[in-house]
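Working notes, beginning with the structure itself.
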Amino acid sequence: MSDSIKRTLPGGKVVTSLSAFAEGWRLAMVPILSASGWKLHSFSSDGVKLVSPDSKKTQVLSRDFVEAIASMLETN
């Protein structure tokens, strides 16, 4: 992937560095992963894929949902 591609993180911040994109998603997912016990599988500009603690199920969350739920979990 090129470092000149613009990628949007949860919260709307745009980055061009692939490492900044990966780190931004990891940080955005901390509240959800901590609350759910699920693990981060993969992510894109559109959303994130999680895997259950027993690795038997996956769940895809949209970026909009991640933004909504993460902000609720941070305030509680």
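We name chains A, B, ... following the order of the structure tokens; residues begin at 1 in each chain, and ligands are numbered from 1 as shown.
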
So that I can check the secondary structure, give me every residue of segment 36-74 of chain A assigned helix (DSSP H, G or I) by backbone DSSP, as a PyMOL selection string.
chain A and resi 36+63-74

For the strand (DSSP E) assignment from backbone DSSP, which residues of chain A qualify? Please present them as a ChimeraX atom specification.
/A:7-8,14-15,39-43,47-51,58-62

Using only C-alpha atoms, which residue out of A:Lys57, A:Ser52, A:Glu23, A:Ala35 lies closest to Met72 of chain A?
A:Ala35

For Ala22 of chain A, the nearest of the candidates A:Pro10, A:Lys49, A:Phe43, A:Ser34, counting only C-alpha atoms
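Smallest separation from Ala22 of chain A among the options: A:Phe43.
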
Shell around Leu33 of chain A at 12 Å using only C-alpha atoms, local window under 4 positions removed, as an mmCIF file with N, CA and C atoms, in the first residue's frame:
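The result, stored in part_4.cif:
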```
data_model
loop_
_atom_site.group_PDB
_atom_site.id
_atom_site.type_symbol
_atom_site.label_atom_id
_atom_site.label_comp_id
_atom_site.auth_asym_id
_atom_site.auth_seq_id
_atom_site.Cartn_x
_atom_site.Cartn_y
_atom_site.Cartn_z
ATOM 1 N N TRP A 25 -6.790 2.642 14.482
ATOM 2 C CA TRP A 25 -7.839 1.635 14.657
ATOM 3 C C TRP A 25 -7.637 0.849 15.946
ATOM 4 N N ARG A 26 -6.399 0.483 16.229
ATOM 5 C CA ARG A 26 -6.144 -0.274 17.473
ATOM 6 C C ARG A 26 -6.570 0.532 18.699
ATOM 7 N N LEU A 27 -6.235 1.797 18.725
ATOM 8 C CA LEU A 27 -6.613 2.647 19.858
ATOM 9 C C LEU A 27 -8.123 2.834 19.947
ATOM 10 N N ALA A 28 -8.777 3.008 18.812
ATOM 11 C CA ALA A 28 -10.232 3.192 18.803
ATOM 12 C C ALA A 28 -10.952 1.946 19.314
ATOM 13 N N MET A 29 -10.351 0.788 19.126
ATOM 14 C CA MET A 29 -10.994 -0.466 19.506
ATOM 15 C C MET A 29 -10.758 -0.873 20.950
ATOM 16 N N GLY A 37 -14.214 -8.709 25.377
ATOM 17 C CA GLY A 37 -13.338 -9.868 25.423
ATOM 18 C C GLY A 37 -12.999 -10.413 24.048
ATOM 19 N N TRP A 38 -13.564 -9.805 22.993
ATOM 20 C CA TRP A 38 -13.269 -10.241 21.629
ATOM 21 C C TRP A 38 -11.923 -9.668 21.210
ATOM 22 N N LYS A 39 -11.358 -10.202 20.125
ATOM 23 C CA LYS A 39 -10.054 -9.774 19.624
ATOM 24 C C LYS A 39 -10.208 -9.112 18.256
ATOM 25 N N LEU A 40 -9.296 -8.225 17.958
ATOM 26 C CA LEU A 40 -9.267 -7.564 16.663
ATOM 27 C C LEU A 40 -8.750 -8.544 15.615
ATOM 28 N N HIS A 41 -9.502 -8.718 14.562
ATOM 29 C CA HIS A 41 -9.095 -9.603 13.472
ATOM 30 C C HIS A 41 -8.491 -8.796 12.332
ATOM 31 N N VAL A 48 -14.486 -2.825 11.034
ATOM 32 C CA VAL A 48 -13.547 -3.718 11.709
ATOM 33 C C VAL A 48 -14.169 -5.102 11.840
ATOM 34 N N LYS A 49 -13.325 -6.115 11.806
ATOM 35 C CA LYS A 49 -13.768 -7.483 12.005
ATOM 36 C C LYS A 49 -13.180 -7.983 13.310
ATOM 37 N N LEU A 50 -14.040 -8.553 14.146
ATOM 38 C CA LEU A 50 -13.633 -9.085 15.443
ATOM 39 C C LEU A 50 -13.764 -10.604 15.428
ATOM 40 N N VAL A 51 -13.031 -11.254 16.302
ATOM 41 C CA VAL A 51 -13.140 -12.697 16.480
ATOM 42 C C VAL A 51 -13.410 -12.974 17.960
ATOM 43 N N SER A 52 -14.312 -13.918 18.210
ATOM 44 C CA SER A 52 -14.722 -14.237 19.581
ATOM 45 C C SER A 52 -13.566 -14.823 20.380
ATOM 46 N N PRO A 53 -13.686 -14.797 21.711
ATOM 47 C CA PRO A 53 -12.608 -15.336 22.553
ATOM 48 C C PRO A 53 -12.276 -16.798 22.254
ATOM 49 N N VAL A 66 -18.664 1.543 15.499
ATOM 50 C CA VAL A 66 -17.477 1.607 16.362
ATOM 51 C C VAL A 66 -17.400 2.966 17.036
ATOM 52 N N ILE A 69 -20.365 3.192 19.790
ATOM 53 C CA ILE A 69 -20.221 2.340 20.971
ATOM 54 C C ILE A 69 -18.961 2.658 21.751
ATOM 55 N N ALA A 70 -17.874 2.982 21.083
ATOM 56 C CA ALA A 70 -16.636 3.298 21.781
ATOM 57 C C ALA A 70 -16.798 4.549 22.637
ATOM 58 N N LEU A 73 -18.725 3.633 25.769
ATOM 59 C CA LEU A 73 -17.940 2.846 26.717
ATOM 60 C C LEU A 73 -16.893 3.702 27.430
ATOM 61 N N GLU A 74 -16.361 4.723 26.753
ATOM 62 C CA GLU A 74 -15.366 5.592 27.383
ATOM 63 C C GLU A 74 -15.957 6.429 28.502
#
```

Between A:Leu9, A:Val14, A:Phe21, A:Ser36, which has the minimum distance to Asp64 of chain A (counting only C-alpha atoms)?
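Distance minimum relative to Asp64 of chain A lands on A:Leu9.
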
Separating atom CA of Leu61 of chain A from atom CA of Asp46 of chain A, to the nearest tenth of an Å, is a gap of 8.7 Å
